[in-house]
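Trainee: Quick one: structure below, then a few questions.
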Amino acid sequence: MTRWRLVDDIGPVGDAGLAAAANMAADAALLDTVVGGASPALRLYRWTPPALSLGRFQPDDDVDVDACERFGVDVVRRPTGGQGLLHGPDLTYAVAMPLPAGNAGSVDAVYELLAGALISGLARLGVDAAIARHDGPSGPVCFAGQQGADLRVGERKVCGSAQVRRDGAVLQHGSILLVRLPFDETDLLRPRPGSYPVTRAQLRDATVTLEELGAPTDPRVVADALVEGFAATLDLTFDLTVTPTLDLQSSQRVASSDRRG
Amino acid sequence: MEFPEQLRYSEEHEWVAVDGARARIGITDFAQDSLGDVVYVELPGVGANVMAHAGCAEIESTKSVSEIFSPVTGTVVEVNSALDDAPEQVNADPYGAGWIFVIEMADPSEVDALLDAAAYRALVEAG
């Protein structure tokens with residue numbers, strides 16, 4: 001039995017949400033604590049107001065800033081890679097842990113390890129998810145593509161994840177679609193020059209929400225199922241702990257220095 | 001999986017090609033295969049001083065963002081700017097067109113502490 005820390009930012013009745021910058025600062029701080037020798041941690045959280053998160057090196061030009069303002073959507077840069085993702089209708093998990101030695105620490109092995117826990121959690125909600133194994137199309141919209149890092153139900157993506165590795169530790173976070181908002185990434189991200197835009201219909205076809213699967217969408221219920229899935233699959237006991245120090249200054253530094261384009 | 005005999009290797013999966021006091025550095029065939037399709041390389045700045053086994057660049061694949069470590073101490077004197085437009089060269093030709101940066105070594109004897117091809121192959125195959 002291994003002890004992990006649990007940072008539960010969902011709230012007792014599932015109505016809590018943090019601002020985008022605070023969420024990304026907390027995840028970065030979670031990784032810092034593990035690099036500093038703390039035990040692995042699982043964090044569960046939501047976003048208020050809705051936010052578009054960009055991959056670490058995703059071009060600024062992908063964002064339709066006017067549209068984001070119009071829809072009341074914050075924009076934040078993740079410490080992890082990947083493409084643009086709308087948060088608000090989702091529940092987000094983050095895991096920070098030391099990299100296992102040897103091949104067990106490979107990108108694929110860590111994804112598979114955590115996918116097993118996520119799949120077990122989703123199964124408790126009646127959702128039969130599997131690891132997506134094929135490479136999807138490239139473009140600015142995360143949920144329009146599938147990678148080995150993602151989970152699918154049938155052929156439709158239900159959870160997208162991303163990783164960053166630093167100083168012998170890994171931060172992996174990912175987004176589980178609960179419901180849909182009236183707007184989505186196709187309203188907030190612009191197509192790249194020379195590429196076909198992803199349409200709303202294509203994005204909806206490529207993805208599925210827990211609501212559409214007839215599963216519970218109450219964030220508290222989903223969070224509890226994920227905690228049980230992690231505990232059972234990885235043989236963990238959790239120690240509840242507080243959200244890591246919100247170093248907003250550090251988060252803003254990331255946002256201003258790591259962009260390209 | 002290729003392990004060219006003339007190169008030296010770090011345990012962090014970088015390769016080093018030594019030419020006098022200069023070391024050309026990239027990531028190994030094993031590393032590129034593990035990362036998957038490389039979509040972006042954040043190159044170090046020319047003139048930057050780097051320490052052996054410290055992170056000095058970053059590489060993003062479709063699955064992960066990872067640090068690239070310099071296997072030796074010294075100054076960055078050249079970077080592979082072609083990767084800005086063609087990061088996939090790291091996958092296609094990791095020991096050739098996918099090279100990442102060149103270090104003017106402060107102490108070329110540091111190379112002696114790196115792995116040779118047989119030792120690196122053993123490390124990878126041991127898992």
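Letters A, B, ... go to the chains of the structure tokens in the order shown; residues in each chain start at 1; ligands are counted from 1 in the same order.
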Can you tell me, as a PyMOL selection string, what residues are no more than 12 Å from stretch 98-101 of chain B when counting only C-alpha atoms, ignoring any on the same chain fewer than 6 positions away?
Mentor: chain B and resi 14-17+22-29+32+38+40-48+50+56-59+68-72+74-92
Trainee: Based on the backbone DSSP call, show me all residues of stretch 64-158 of chain A assigned strand (DSSP E), as a PyMOL selection string.
Mentor: chain A and resi 74-77+85-87+90-98+130-131+151-153+156-158
Trainee: Given the choices A:Val227, A:Gln147, A:Pro219, A:Ile10, which gets closest to A:Asp239 if the distance is worked out from only C-alpha atoms?
Mentor: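 Residue with the minimum atom-to-atom distance to A:Asp239: A:Val227.
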Trainee: Near A:Ala132, within 9 Å and counting only C-alpha atoms, which residues show up once chain neighbours fewer than 6 positions away are dropped, as a ChimeraX atom specification?
Mentor: /A:146-153,155,157
Trainee: Using only C-alpha atoms for the distances, tell me which of A:Leu114, A:Val170, A:Ala67, A:Pro182 is nearest to A:Thr33.
Mentor: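 The answer is A:Val170, which sits nearest to A:Thr33.
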Trainee: With DSSP run on the backbone, what are the helix (DSSP H, G or I) residues within chain B? I'd like them as a PyMOL selection string.
Mentor: chain B and resi 29-35+81-84+89-92+108-113+117-126
Trainee: Should the cut-off be 9 Å, what would the residue list for chain A against chain B look like, counting only C-alpha atoms, as a PyMOL selection string?
Mentor: chain A and resi 56-57+79-82+101-104+106-108+135+138+147-149+161-167+172
Trainee: List as number ranges by chain the protein and nucleic acid residues near A:Asp74, meaning an atom at most 8 Å away when only C-alpha atoms are counted, but skip any in the same chain fewer than 6 places from it.
Mentor: A: 20, 49-52, 68
Trainee: Restricted to C-alpha atoms, what would the selected residues look like written as a PDB file, in the first residue's frame?
Mentor:
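Contents of the output file out_4.pdb:
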ATOM      1  CA  ALA A  20      -7.511  29.423 -14.600  1.00  0.00           C
ATOM      2  CA  PRO A  49     -15.104  30.987 -15.001  1.00  0.00           C
ATOM      3  CA  PRO A  50     -14.647  28.711 -18.027  1.00  0.00           C
ATOM      4  CA  ALA A  51     -11.155  28.850 -19.461  1.00  0.00           C
ATOM      5  CA  LEU A  52      -9.255  27.949 -22.583  1.00  0.00           C
ATOM      6  CA  CYS A  68     -12.849  34.505 -25.634  1.00  0.00           C
TER       7      CYS A  68
END
Trainee: Please indicate the distance in Å from atom CA of A:Asp8 to atom CA of A:Glu185, rounded to one decimal place.
Mentor: 26.7 Å
